[in-house]
>>> print(open('query19.cif').read())   # mmCIF, C-alpha atoms and all ligand atoms
data_structure
loop_
_atom_site.group_PDB
_atom_site.id
_atom_site.type_symbol
_atom_site.label_atom_id
_atom_site.label_comp_id
_atom_site.auth_asym_id
_atom_site.auth_seq_id
_atom_site.Cartn_x
_atom_site.Cartn_y
_atom_site.Cartn_z
ATOM 1 C CA MET K 1 9.478 1.831 -2.225
ATOM 2 C CA ASN K 2 9.339 -1.971 -2.072
ATOM 3 C CA GLN K 3 6.509 -2.119 0.487
ATOM 4 C CA LEU K 4 2.783 -1.616 0.096
ATOM 5 C CA SER K 5 1.183 1.335 1.884
ATOM 6 C CA THR K 6 -1.497 -0.963 3.326
ATOM 7 C CA ARG K 7 -1.576 -3.968 5.673
ATOM 8 C CA HIS K 8 -4.745 -5.457 4.110
ATOM 9 C CA LEU K 9 -6.124 -5.452 0.581
ATOM 10 C CA THR K 10 -9.800 -4.618 1.099
ATOM 11 C CA GLY K 11 -10.192 -2.551 -2.057
ATOM 12 C CA ILE K 12 -8.433 -0.480 -4.699
ATOM 13 C CA ARG K 13 -9.658 2.566 -2.770
ATOM 14 C CA GLY K 14 -6.783 3.545 -0.491
ATOM 15 C CA LEU K 15 -4.031 2.148 -2.730
ATOM 16 C CA THR K 16 -1.491 4.544 -4.207
ATOM 17 C CA ARG K 17 -0.051 4.646 -7.691
ATOM 18 C CA ASN K 18 3.213 3.363 -6.148
ATOM 19 C CA ASP K 19 1.313 0.381 -4.705
ATOM 20 C CA LEU K 20 -0.045 -0.468 -8.159
ATOM 21 C CA GLU K 21 3.383 -0.177 -9.755
ATOM 22 C CA LEU K 22 4.953 -2.367 -7.061
ATOM 23 C CA ILE K 23 2.247 -5.040 -7.492
ATOM 24 C CA PHE K 24 2.663 -5.042 -11.305
ATOM 25 C CA LYS K 25 6.471 -5.196 -11.099
ATOM 26 C CA THR K 26 6.289 -8.092 -8.612
ATOM 27 C CA ALA K 27 3.672 -9.875 -10.754
ATOM 28 C CA GLU K 28 5.947 -9.608 -13.806
ATOM 29 C CA GLY K 29 8.588 -11.583 -11.923
ATOM 30 C CA PHE K 30 6.078 -14.191 -10.786
ATOM 31 C CA LYS K 31 4.657 -14.521 -14.298
ATOM 32 C CA GLU K 32 8.117 -15.485 -15.458
ATOM 33 C CA VAL K 33 8.301 -18.051 -12.607
ATOM 34 C CA ILE K 34 4.981 -19.732 -13.435
ATOM 35 C CA ASN K 35 6.021 -20.169 -17.043
ATOM 36 C CA ARG K 36 9.152 -22.131 -16.063
ATOM 37 C CA PRO K 37 9.173 -25.957 -16.007
ATOM 38 C CA ILE K 38 9.431 -25.725 -12.171
ATOM 39 C CA LYS K 39 6.696 -23.266 -11.307
ATOM 40 C CA LYS K 40 7.169 -23.067 -7.563
ATOM 41 C CA VAL K 41 9.188 -20.726 -5.302
ATOM 42 C CA PRO K 42 9.705 -21.086 -1.518
ATOM 43 C CA SER K 43 8.694 -17.462 -0.737
ATOM 44 C CA LEU K 44 5.775 -18.366 1.597
ATOM 45 C CA ARG K 45 7.075 -21.585 3.100
ATOM 46 C CA ASP K 46 5.755 -22.026 6.693
ATOM 47 C CA PHE K 47 3.052 -19.399 5.962
ATOM 48 C CA THR K 48 -0.583 -20.535 6.229
ATOM 49 C CA ILE K 49 -3.412 -19.009 4.190
ATOM 50 C CA ALA K 50 -7.137 -19.683 4.597
ATOM 51 C CA ASN K 51 -9.423 -19.152 1.598
ATOM 52 C CA LEU K 52 -12.891 -18.388 2.973
ATOM 53 C CA PHE K 53 -15.553 -18.438 0.284
ATOM 54 C CA PHE K 54 -19.039 -17.475 1.470
ATOM 55 C CA GLU K 55 -20.172 -17.079 -2.157
ATOM 56 C CA ASN K 56 -19.585 -19.114 -5.331
ATOM 57 C CA SER K 57 -16.427 -18.635 -7.372
ATOM 58 C CA THR K 58 -14.446 -20.483 -10.028
ATOM 59 C CA ARG K 59 -11.664 -18.182 -11.272
ATOM 60 C CA THR K 60 -10.874 -16.267 -8.079
ATOM 61 C CA ARG K 61 -10.906 -19.300 -5.769
ATOM 62 C CA LEU K 62 -8.776 -21.509 -8.040
ATOM 63 C CA SER K 63 -6.425 -18.699 -8.905
ATOM 64 C CA PHE K 64 -5.786 -17.750 -5.249
ATOM 65 C CA GLU K 65 -5.243 -21.423 -4.369
ATOM 66 C CA LEU K 66 -2.808 -21.906 -7.242
ATOM 67 C CA ALA K 67 -0.979 -18.661 -6.386
ATOM 68 C CA GLU K 68 -0.617 -19.837 -2.753
ATOM 69 C CA LYS K 69 0.669 -23.254 -3.816
ATOM 70 C CA ARG K 70 3.143 -21.721 -6.293
ATOM 71 C CA LEU K 71 4.495 -19.670 -3.352
ATOM 72 C CA SER K 72 4.762 -22.863 -1.210
ATOM 73 C CA ALA K 73 2.209 -21.655 1.391
ATOM 74 C CA ASP K 74 0.091 -24.117 3.392
ATOM 75 C CA VAL K 75 -3.510 -23.730 2.237
ATOM 76 C CA LEU K 76 -6.866 -24.200 3.982
ATOM 77 C CA ASN K 77 -10.037 -24.041 1.879
ATOM 78 C CA PHE K 78 -13.394 -23.218 3.424
ATOM 79 C CA SER K 79 -16.728 -22.896 1.688
ATOM 80 C CA ALA K 80 -19.784 -21.639 3.565
ATOM 81 C CA ASN K 81 -22.295 -24.159 2.251
ATOM 82 C CA SER K 82 -20.354 -27.097 3.736
ATOM 83 C CA SER K 83 -19.483 -25.415 7.066
ATOM 84 C CA SER K 84 -21.002 -24.561 10.449
ATOM 85 C CA VAL K 85 -22.109 -21.178 9.016
ATOM 86 C CA ALA K 86 -25.163 -23.178 7.964
ATOM 87 C CA LYS K 87 -25.766 -23.800 11.714
ATOM 88 C CA GLY K 88 -25.775 -20.069 12.529
ATOM 89 C CA GLU K 89 -22.113 -19.358 13.379
ATOM 90 C CA THR K 90 -21.177 -15.686 12.857
ATOM 91 C CA LEU K 91 -18.488 -14.468 10.470
ATOM 92 C CA VAL K 92 -16.177 -13.308 13.277
ATOM 93 C CA ASP K 93 -16.587 -16.565 15.238
ATOM 94 C CA THR K 94 -15.947 -18.600 12.102
ATOM 95 C CA VAL K 95 -12.808 -16.640 11.269
ATOM 96 C CA ASN K 96 -11.506 -16.598 14.864
ATOM 97 C CA ASN K 97 -11.859 -20.385 15.012
ATOM 98 C CA ILE K 98 -9.857 -20.698 11.809
ATOM 99 C CA LEU K 99 -7.252 -18.225 13.077
ATOM 100 C CA ALA K 100 -6.891 -20.254 16.307
ATOM 101 C CA MET K 101 -5.345 -22.893 14.044
ATOM 102 C CA LYS K 102 -2.463 -20.388 13.441
ATOM 103 C CA VAL K 103 -3.440 -18.970 10.067
ATOM 104 C CA ASP K 104 -1.326 -16.027 8.856
ATOM 105 C CA LEU K 105 -3.554 -14.559 6.142
ATOM 106 C CA VAL K 106 -7.219 -14.782 5.163
ATOM 107 C CA VAL K 107 -8.577 -14.464 1.616
ATOM 108 C CA MET K 108 -12.331 -13.882 1.769
ATOM 109 C CA ARG K 109 -15.214 -13.666 -0.671
ATOM 110 C CA HIS K 110 -18.488 -12.611 0.920
ATOM 111 C CA PRO K 111 -21.898 -11.490 -0.392
ATOM 112 C CA HIS K 112 -22.059 -8.422 1.895
ATOM 113 C CA PRO K 113 -20.443 -5.118 0.848
ATOM 114 C CA GLY K 114 -17.856 -4.079 3.453
ATOM 115 C CA ALA K 115 -17.374 -7.602 4.833
ATOM 116 C CA ALA K 116 -13.601 -7.566 4.201
ATOM 117 C CA SER K 117 -13.075 -4.192 5.925
ATOM 118 C CA PHE K 118 -15.274 -5.327 8.819
ATOM 119 C CA LEU K 119 -13.186 -8.464 9.215
ATOM 120 C CA ALA K 120 -9.889 -6.563 8.957
ATOM 121 C CA LYS K 121 -10.982 -4.452 11.954
ATOM 122 C CA LYS K 122 -12.069 -7.486 14.008
ATOM 123 C CA VAL K 123 -9.161 -9.904 13.560
ATOM 124 C CA LYS K 124 -5.403 -9.567 13.962
ATOM 125 C CA THR K 125 -4.431 -11.308 10.725
ATOM 126 C CA VAL K 126 -3.990 -9.896 7.206
ATOM 127 C CA VAL K 127 -7.195 -9.845 5.105
ATOM 128 C CA VAL K 128 -7.469 -9.945 1.304
ATOM 129 C CA ASN K 129 -10.813 -9.141 -0.279
ATOM 130 C CA ALA K 130 -11.709 -11.674 -2.997
ATOM 131 C CA GLY K 131 -14.987 -9.830 -3.752
ATOM 132 C CA ASP K 132 -17.471 -8.381 -1.216
ATOM 133 C CA GLY K 133 -21.003 -8.063 -2.549
ATOM 134 C CA THR K 134 -21.425 -5.081 -4.872
ATOM 135 C CA HIS K 135 -18.520 -3.217 -3.228
ATOM 136 C CA GLU K 136 -15.040 -4.152 -4.578
ATOM 137 C CA HIS K 137 -13.039 -6.945 -6.204
ATOM 138 C CA PRO K 138 -9.509 -5.510 -6.030
ATOM 139 C CA THR K 139 -7.468 -8.434 -7.383
ATOM 140 C CA GLN K 140 -9.754 -8.597 -10.451
ATOM 141 C CA ALA K 141 -9.049 -4.929 -11.192
ATOM 142 C CA LEU K 142 -5.319 -5.470 -10.687
ATOM 143 C CA LEU K 143 -5.209 -8.427 -13.077
ATOM 144 C CA ASP K 144 -7.321 -6.528 -15.606
ATOM 145 C CA ALA K 145 -4.983 -3.523 -15.498
ATOM 146 C CA PHE K 146 -1.911 -5.790 -15.666
ATOM 147 C CA SER K 147 -3.364 -7.509 -18.765
ATOM 148 C CA LEU K 148 -3.992 -4.126 -20.384
ATOM 149 C CA LEU K 149 -0.463 -2.965 -19.606
ATOM 150 C CA GLU K 150 0.873 -6.135 -21.244
ATOM 151 C CA LYS K 151 -1.239 -5.534 -24.348
ATOM 152 C CA HIS K 152 -0.953 -1.748 -24.691
ATOM 153 C CA GLY K 153 2.249 -0.852 -22.781
ATOM 154 C CA ASP K 154 0.499 2.018 -21.007
ATOM 155 C CA VAL K 155 -3.133 2.748 -20.171
ATOM 156 C CA SER K 156 -2.658 6.450 -19.495
ATOM 157 C CA GLY K 157 -4.844 8.382 -21.957
ATOM 158 C CA LYS K 158 -6.517 5.223 -23.274
ATOM 159 C CA ASN K 159 -10.308 5.202 -23.600
ATOM 160 C CA ILE K 160 -11.736 2.267 -21.683
ATOM 161 C CA ALA K 161 -15.429 1.362 -21.708
ATOM 162 C CA ILE K 162 -17.017 -0.804 -19.024
ATOM 163 C CA VAL K 163 -20.303 -2.090 -20.404
ATOM 164 C CA GLY K 164 -23.292 -3.723 -18.722
ATOM 165 C CA ASP K 165 -24.621 -4.152 -15.210
ATOM 166 C CA ILE K 166 -22.671 -1.413 -13.450
ATOM 167 C CA ARG K 167 -25.224 -1.179 -10.609
ATOM 168 C CA HIS K 168 -24.464 -4.646 -9.225
ATOM 169 C CA SER K 169 -20.786 -4.870 -10.222
ATOM 170 C CA ARG K 170 -17.898 -4.827 -7.736
ATOM 171 C CA VAL K 171 -15.603 -5.393 -10.728
ATOM 172 C CA ALA K 172 -16.771 -2.119 -12.289
ATOM 173 C CA ILE K 173 -16.060 -0.100 -9.129
ATOM 174 C CA SER K 174 -12.588 -1.595 -8.585
ATOM 175 C CA ASN K 175 -11.730 -1.243 -12.277
ATOM 176 C CA ILE K 176 -12.809 2.394 -12.381
ATOM 177 C CA LEU K 177 -10.708 3.247 -9.304
ATOM 178 C CA CYS K 178 -7.667 1.355 -10.645
ATOM 179 C CA LEU K 179 -7.835 2.629 -14.226
ATOM 180 C CA LYS K 180 -8.383 6.243 -13.129
ATOM 181 C CA LEU K 181 -5.347 5.961 -10.829
ATOM 182 C CA LEU K 182 -3.347 4.844 -13.899
ATOM 183 C CA GLY K 183 -4.564 7.835 -15.927
ATOM 184 C CA ALA K 184 -7.089 6.139 -18.248
ATOM 185 C CA ASN K 185 -10.306 7.768 -19.484
ATOM 186 C CA VAL K 186 -13.161 5.558 -18.296
ATOM 187 C CA ARG K 187 -16.724 5.437 -19.567
ATOM 188 C CA VAL K 188 -19.531 3.216 -18.297
ATOM 189 C CA CYS K 189 -22.236 2.145 -20.722
ATOM 190 C CA GLY K 190 -25.500 0.315 -20.145
ATOM 191 C CA PRO K 191 -29.236 0.775 -19.643
ATOM 192 C CA LYS K 192 -30.218 3.726 -17.409
ATOM 193 C CA THR K 193 -31.623 1.296 -14.866
ATOM 194 C CA LEU K 194 -28.267 -0.467 -14.462
ATOM 195 C CA ILE K 195 -26.093 2.647 -14.028
ATOM 196 C CA PRO K 196 -26.392 4.276 -10.585
ATOM 197 C CA LYS K 197 -26.158 8.103 -10.554
ATOM 198 C CA HIS K 198 -23.374 8.108 -7.925
ATOM 199 C CA ILE K 199 -20.995 6.484 -10.419
ATOM 200 C CA MET K 200 -20.264 9.920 -11.947
ATOM 201 C CA SER K 201 -18.628 10.955 -8.673
ATOM 202 C CA LEU K 202 -15.796 8.534 -9.601
ATOM 203 C CA GLY K 203 -14.944 10.744 -12.593
ATOM 204 C CA VAL K 204 -16.341 8.519 -15.345
ATOM 205 C CA GLU K 205 -18.396 9.372 -18.417
ATOM 206 C CA VAL K 206 -21.795 7.735 -18.776
ATOM 207 C CA SER K 207 -23.400 6.524 -22.006
ATOM 208 C CA HIS K 208 -26.482 4.515 -22.882
ATOM 209 C CA ASN K 209 -25.431 3.968 -26.501
ATOM 210 C CA LEU K 210 -23.141 0.980 -27.108
ATOM 211 C CA ASP K 211 -22.405 1.708 -30.797
ATOM 212 C CA GLU K 212 -21.286 5.260 -30.036
ATOM 213 C CA THR K 213 -19.218 4.005 -27.076
ATOM 214 C CA LEU K 214 -17.469 1.407 -29.253
ATOM 215 C CA GLN K 215 -16.477 4.209 -31.667
ATOM 216 C CA TRP K 216 -14.936 6.069 -28.703
ATOM 217 C CA CYS K 217 -13.070 3.303 -26.903
ATOM 218 C CA ASP K 218 -9.742 1.468 -27.301
ATOM 219 C CA VAL K 219 -10.876 -1.262 -24.904
ATOM 220 C CA ALA K 220 -14.329 -2.652 -24.072
ATOM 221 C CA SER K 221 -14.754 -4.648 -20.875
ATOM 222 C CA MET K 222 -18.062 -6.482 -21.013
ATOM 223 C CA LEU K 223 -19.847 -7.327 -17.747
ATOM 224 C CA ARG K 224 -22.366 -10.026 -16.958
ATOM 225 C CA ILE K 225 -25.919 -9.189 -15.909
ATOM 226 C CA GLN K 226 -25.912 -10.193 -12.232
ATOM 227 C CA LEU K 227 -29.363 -11.728 -12.028
ATOM 228 C CA GLU K 228 -28.538 -13.256 -8.626
ATOM 229 C CA ARG K 229 -28.168 -9.754 -7.108
ATOM 230 C CA GLN K 230 -31.402 -8.437 -8.630
ATOM 231 C CA ASP K 231 -34.598 -8.578 -6.597
ATOM 232 C CA ALA K 232 -36.807 -11.120 -8.356
ATOM 233 C CA HIS K 233 -39.973 -9.409 -7.047
ATOM 234 C CA ALA K 234 -39.087 -5.854 -8.075
ATOM 235 C CA VAL K 235 -39.823 -4.234 -11.471
ATOM 236 C CA PRO K 236 -37.227 -5.751 -13.871
ATOM 237 C CA TYR K 237 -34.247 -3.600 -14.949
ATOM 238 C CA PHE K 238 -34.825 -4.405 -18.670
ATOM 239 C CA PRO K 239 -37.612 -6.125 -20.640
ATOM 240 C CA SER K 240 -35.801 -9.405 -21.474
ATOM 241 C CA LEU K 241 -32.320 -10.861 -22.003
ATOM 242 C CA ARG K 242 -33.018 -10.873 -25.742
ATOM 243 C CA GLU K 243 -33.778 -7.142 -25.671
ATOM 244 C CA TYR K 244 -30.661 -6.533 -23.534
ATOM 245 C CA ALA K 245 -28.461 -8.442 -26.009
ATOM 246 C CA ALA K 246 -29.905 -6.435 -28.906
ATOM 247 C CA GLN K 247 -29.132 -3.085 -27.202
ATOM 248 C CA PHE K 248 -25.979 -3.828 -25.203
ATOM 249 C CA GLY K 249 -24.554 -7.144 -26.432
ATOM 250 C CA LEU K 250 -21.175 -7.096 -28.199
ATOM 251 C CA ASN K 251 -21.224 -8.953 -31.524
ATOM 252 C CA THR K 252 -19.246 -9.123 -34.768
ATOM 253 C CA HIS K 253 -21.747 -6.949 -36.622
ATOM 254 C CA ARG K 254 -21.111 -4.076 -34.162
ATOM 255 C CA LEU K 255 -17.319 -4.521 -34.318
ATOM 256 C CA GLN K 256 -17.289 -4.596 -38.132
ATOM 257 C CA LYS K 257 -18.722 -1.064 -38.179
ATOM 258 C CA LEU K 258 -15.558 0.259 -36.442
ATOM 259 C CA ASP K 259 -12.581 1.592 -38.402
ATOM 260 C CA ARG K 260 -10.021 -0.146 -36.088
ATOM 261 C CA PRO K 261 -9.878 -3.158 -33.787
ATOM 262 C CA ILE K 262 -10.547 -2.707 -30.081
ATOM 263 C CA THR K 263 -9.376 -4.907 -27.208
ATOM 264 C CA ILE K 264 -12.125 -7.067 -25.698
ATOM 265 C CA MET K 265 -12.162 -8.003 -22.011
ATOM 266 C CA HIS K 266 -14.510 -9.864 -19.680
ATOM 267 C CA PRO K 267 -13.889 -10.749 -16.010
ATOM 268 C CA GLY K 268 -16.022 -13.899 -16.257
ATOM 269 C CA PRO K 269 -18.192 -15.786 -15.829
ATOM 270 C CA ILE K 270 -19.444 -15.106 -19.378
ATOM 271 C CA ASN K 271 -23.077 -15.416 -20.401
ATOM 272 C CA ARG K 272 -22.398 -16.179 -24.054
ATOM 273 C CA GLY K 273 -25.050 -14.718 -26.337
ATOM 274 C CA VAL K 274 -26.132 -12.112 -23.777
ATOM 275 C CA GLU K 275 -23.404 -9.488 -23.123
ATOM 276 C CA ILE K 276 -21.026 -10.975 -25.710
ATOM 277 C CA THR K 277 -21.295 -13.488 -28.551
ATOM 278 C CA SER K 278 -19.016 -16.534 -28.650
ATOM 279 C CA ASP K 279 -17.189 -15.456 -31.811
ATOM 280 C CA VAL K 280 -16.220 -12.134 -30.203
ATOM 281 C CA ALA K 281 -15.278 -13.690 -26.838
ATOM 282 C CA ASP K 282 -12.976 -16.143 -28.643
ATOM 283 C CA SER K 283 -11.641 -13.686 -31.251
ATOM 284 C CA GLN K 284 -8.017 -12.573 -31.729
ATOM 285 C CA HIS K 285 -8.733 -9.215 -30.062
ATOM 286 C CA SER K 286 -10.112 -10.830 -26.916
ATOM 287 C CA ILE K 287 -7.703 -11.003 -23.940
ATOM 288 C CA ILE K 288 -10.172 -12.868 -21.715
ATOM 289 C CA LEU K 289 -7.928 -15.900 -21.146
ATOM 290 C CA ASN K 290 -4.878 -13.652 -20.634
ATOM 291 C CA GLN K 291 -6.853 -12.059 -17.802
ATOM 292 C CA VAL K 292 -7.345 -15.486 -16.233
ATOM 293 C CA GLU K 293 -3.668 -16.416 -16.684
ATOM 294 C CA ASN K 294 -2.510 -13.122 -15.163
ATOM 295 C CA GLY K 295 -4.782 -13.670 -12.162
ATOM 296 C CA VAL K 296 -2.319 -16.180 -10.742
ATOM 297 C CA ALA K 297 0.733 -13.888 -11.066
ATOM 298 C CA ILE K 298 -1.138 -10.882 -9.658
ATOM 299 C CA ARG K 299 -2.428 -12.880 -6.682
ATOM 300 C CA MET K 300 1.074 -14.251 -6.040
ATOM 301 C CA ALA K 301 2.340 -10.654 -5.999
ATOM 302 C CA VAL K 302 -0.396 -9.456 -3.632
ATOM 303 C CA LEU K 303 0.086 -12.367 -1.208
ATOM 304 C CA TYR K 304 3.859 -12.061 -1.284
ATOM 305 C CA LEU K 305 3.841 -8.301 -0.653
ATOM 306 C CA LEU K 306 1.198 -8.500 2.095
ATOM 307 C CA SER K 307 2.995 -11.386 3.818
ATOM 308 C CA ALA K 308 5.828 -8.967 4.518
ATOM 309 C CA GLN K 309 3.413 -6.543 6.250
ATOM 310 C CA GLY K 310 2.352 -9.059 8.986
HETATM 311 N N1 LIG O 1 -14.152 -12.912 -12.141
HETATM 312 C C1 LIG O 1 -14.550 -13.592 -11.043
HETATM 313 O O1 LIG O 1 -14.527 -13.082 -9.918
HETATM 314 O O2 LIG O 1 -14.978 -14.861 -11.296
HETATM 315 P P1 LIG O 1 -15.438 -15.907 -10.190
HETATM 316 O O3 LIG O 1 -16.732 -15.393 -9.603
HETATM 317 O O4 LIG O 1 -15.604 -17.221 -10.899
HETATM 318 O O5 LIG O 1 -14.384 -15.965 -9.132
#
>>> encode(input="query19.cif", output="structure tokens", more="lines below")
Ligand code: CP
Amino acid sequence: MNQLSTRHLTGIRGLTRNDLELIFKTAEGFKEVINRPIKKVPSLRDFTIANLFFENSTRTRLSFELAEKRLSADVLNFSANSSSVAKGETLVDTVNNILAMKVDLVVMRHPHPGAASFLAKKVKTVVVNAGDGTHEHPTQALLDAFSLLEKHGDVSGKNIAIVGDIRHSRVAISNILCLKLLGANVRVCGPKTLIPKHIMSLGVEVSHNLDETLQWCDVASMLRIQLERQDAHAVPYFPSLREYAAQFGLNTHRLQKLDRPITIMHPGPINRGVEITSDVADSQHSIILNQVENGVAIRMAVLYLLSAQG
């Protein structure tokens, strides 16, 4: 099959194993393209894409924009804090106004879980979810899995730990769904307060002991504490960042206790000194910048394949 089973990319949920394999195969080709002296292909010429960012982003926004430009698409960039959203315009009105300008595909980041699926039902154009609240971040999971496949050849049977603020993480949910579909063993690790009980329904193991989890895993993906999604007036989820780093921060001392190296990942943005120390983030076993590099090829693949679904 050289077609995706979906018209939109609102999440990893709903994708098939064939979809993943098609995206990775297409991304391999595009990765070769973006490493050539001439990094551009005409695949999306005369195709217009709007990037709608209702929430802050560095990696995802720049990487989608670069992917679109490498494919020769026309690109519109919209950010909520400099738009008429600030005057009370609704999401659907905002998007319909943009679509009236003959846009073919919308990439959207939004703080509300389900916003991408909602939009996909309301508008006629193709929608790509660039992160919707605590729900899903599908292209992050795809680029993470692609980076692991590059490093390890196969992830089937590999032990992969996702460590940190699972409760507020769309990256964790999308990664779990993607890695399980590829046959990996997935464990989440963090304080009890930051691991919701429903996570076990996704077929993952749960641990509250980082040292024991590091002994178990081949790969550790470290997540940021999402302070911006935590209610400032509620009882805190942990006593202090210092205490969190002592219990759940990845550092050289912890890694030196292992009898073999493990692969270190982080979706970014990193809070250095909290979930991971600088020396570990920048070490030879870290593939953090490979993840960022692969983001462009994966997003080119997703946009290219979805453009054919129109
Ligand atoms: N990983 C990620 O989504 O980063 P940004 O929030 O900077 O896009």
>>> residues_near_ligand(input="query19.cif", ligand="ligand LIG 1 (chain O)", cutoff="6 Å", atoms="only C-alpha atoms and all ligand atoms", output="PyMOL selection string")
chain K and resi 57-61+267-269
>>> closest_residue(input="query19.cif", among="K:Ile166, K:Val206, K:Ala161, K:Leu22", to="Thr134 (chain K)", atoms="all atoms listed in the file")
K:Ile166
>>> residues_around(input="query19.cif", residues="Asp132 (chain K)", least_positions_apart="4", cutoff="10 Å", atoms="all atoms listed in the file", output="number ranges by chain")
K: 10-11, 54-55, 108-117, 136-138, 170
>>> closest_residue(input="query19.cif", among="K:Ile34, K:Val292, K:Met222, K:Leu306", to="Thr277 (chain K)", atoms="only C-alpha atoms")
K:Met222
>>> atom_distance(input="query19.cif", atom1="CA of Ala281 (chain K)", atom2="CA of Met265 (chain K)")
8.1 Å
>>> residues_near_point(input="query19.cif", point="(-24.0, 6.5, -6.0)", cutoff="12 Å", atoms="all atoms listed in the file", output="PyMOL selection string")
chain K and resi 134-135+166-168+173+194-203
>>> resolve_selection(input="query19.cif", expression="the PyMOL selection byres (((chain K and resi 183-185) around 10) and not hetatm)", output="count of residues only")
21
>>> atom_distance(input="query19.cif", atom1="CA of Gly14 (chain K)", atom2="CA of Ser174 (chain K)")
11.2 Å
>>> residues_around(input="query19.cif", residues="Gln291 (chain K)", least_positions_apart="5", cutoff="7 Å", atoms="all atoms listed in the file", output="mmCIF file with C-alpha atoms, keeping the file's coordinate frame")
data_model
loop_
_atom_site.group_PDB
_atom_site.id
_atom_site.type_symbol
_atom_site.label_atom_id
_atom_site.label_comp_id
_atom_site.auth_asym_id
_atom_site.auth_seq_id
_atom_site.Cartn_x
_atom_site.Cartn_y
_atom_site.Cartn_z
ATOM 1 C CA LEU K 143 -5.209 -8.427 -13.077
ATOM 2 C CA ASP K 144 -7.321 -6.528 -15.606
ATOM 3 C CA SER K 147 -3.364 -7.509 -18.765
#
>>> atom_distance(input="query19.cif", atom1="CA of Ser278 (chain K)", atom2="CA of Gly249 (chain K)")
11.1 Å
>>> axis_aligned_box(input="query19.cif", around="region 184-200 of chain K", padding_each_side="6 Å", output="lines of an AutoDock Vina configuration file")
center_x = -19.4
center_y = 4.7
center_z = -14.3
size_x = 36.5
size_y = 22.4
size_z = 24.8
>>> closest_residue(input="query19.cif", among="K:Ser84, K:Asn294, K:Asn271, K:Thr6", to="Val128 (chain K)", atoms="all atoms listed in the file")
K:Thr6
>>> resolve_selection(input="query19.cif", expression="the PyMOL selection byres (((chain K and resi 47-51) around 8) and not hetatm)", output="PDB file with C-alpha atoms, in the coordinates of the input")
ATOM      1  CA  LEU K  44       5.775 -18.366   1.597  1.00  0.00           C
ATOM      2  CA  ARG K  45       7.075 -21.585   3.100  1.00  0.00           C
ATOM      3  CA  ASP K  46       5.755 -22.026   6.693  1.00  0.00           C
ATOM      4  CA  LEU K  52     -12.891 -18.388   2.973  1.00  0.00           C
ATOM      5  CA  PHE K  53     -15.553 -18.438   0.284  1.00  0.00           C
ATOM      6  CA  ARG K  61     -10.906 -19.300  -5.769  1.00  0.00           C
ATOM      7  CA  PHE K  64      -5.786 -17.750  -5.249  1.00  0.00           C
ATOM      8  CA  GLU K  65      -5.243 -21.423  -4.369  1.00  0.00           C
ATOM      9  CA  GLU K  68      -0.617 -19.837  -2.753  1.00  0.00           C
ATOM     10  CA  ALA K  73       2.209 -21.655   1.391  1.00  0.00           C
ATOM     11  CA  ASP K  74       0.091 -24.117   3.392  1.00  0.00           C
ATOM     12  CA  VAL K  75      -3.510 -23.730   2.237  1.00  0.00           C
ATOM     13  CA  LEU K  76      -6.866 -24.200   3.982  1.00  0.00           C
ATOM     14  CA  ASN K  77     -10.037 -24.041   1.879  1.00  0.00           C
ATOM     15  CA  PHE K  78     -13.394 -23.218   3.424  1.00  0.00           C
ATOM     16  CA  ILE K  98      -9.857 -20.698  11.809  1.00  0.00           C
ATOM     17  CA  LYS K 102      -2.463 -20.388  13.441  1.00  0.00           C
ATOM     18  CA  VAL K 103      -3.440 -18.970  10.067  1.00  0.00           C
ATOM     19  CA  ASP K 104      -1.326 -16.027   8.856  1.00  0.00           C
ATOM     20  CA  LEU K 105      -3.554 -14.559   6.142  1.00  0.00           C
ATOM     21  CA  VAL K 106      -7.219 -14.782   5.163  1.00  0.00           C
ATOM     22  CA  VAL K 107      -8.577 -14.464   1.616  1.00  0.00           C
ATOM     23  CA  MET K 108     -12.331 -13.882   1.769  1.00  0.00           C
TER      24      MET K 108
END
>>> closest_residue(input="query19.cif", among="K:His266, K:Lys40, K:Arg7, K:Lys122", to="Ala172 (chain K)", atoms="only C-alpha atoms")
K:His266
>>> resolve_selection(input="query19.cif", expression="the PyMOL selection byres (((chain K and resi 20) around 12) and not hetatm)", output="ChimeraX atom specification")
/K:1-6,9,12-19,21-27,138-139,141-143,145-146,149,177-182,298,301-302,305
>>> closest_residue(input="query19.cif", among="K:Leu71, K:Val171, K:Leu258, K:Leu223", to="Val33 (chain K)", atoms="all atoms listed in the file")
K:Leu71
>>> residues_around(input="query19.cif", residues="Lys257 (chain K)", least_positions_apart="5", cutoff="10 Å", atoms="all atoms listed in the file", output="PyMOL selection string")
chain K and resi 211+214-215+252
>>> closest_residue(input="query19.cif", among="K:Val95, K:Ile264, K:Ile287, K:Met300", to="Pro42 (chain K)", atoms="all atoms listed in the file")
K:Met300
>>> build_atoms(input="query19.cif", residues="region 300-304 of chain K", atoms="N, CA and C atoms", output="PDB file, in the coordinates of the input")
ATOM      1  N   MET K 300      -0.219 -13.926  -6.675  1.00  0.00           N
ATOM      2  CA  MET K 300       1.074 -14.251  -6.040  1.00  0.00           C
ATOM      3  C   MET K 300       1.731 -12.965  -5.539  1.00  0.00           C
ATOM      4  N   ALA K 301       1.698 -11.925  -6.372  1.00  0.00           N
ATOM      5  CA  ALA K 301       2.340 -10.654  -5.999  1.00  0.00           C
ATOM      6  C   ALA K 301       1.662 -10.056  -4.766  1.00  0.00           C
ATOM      7  N   VAL K 302       0.336 -10.045  -4.749  1.00  0.00           N
ATOM      8  CA  VAL K 302      -0.396  -9.456  -3.632  1.00  0.00           C
ATOM      9  C   VAL K 302      -0.098 -10.215  -2.334  1.00  0.00           C
ATOM     10  N   LEU K 303      -0.142 -11.548  -2.414  1.00  0.00           N
ATOM     11  CA  LEU K 303       0.086 -12.367  -1.208  1.00  0.00           C
ATOM     12  C   LEU K 303       1.523 -12.198  -0.712  1.00  0.00           C
ATOM     13  N   TYR K 304       2.444 -12.198  -1.638  1.00  0.00           N
ATOM     14  CA  TYR K 304       3.859 -12.061  -1.284  1.00  0.00           C
ATOM     15  C   TYR K 304       4.112 -10.708  -0.602  1.00  0.00           C
TER      16      TYR K 304
END
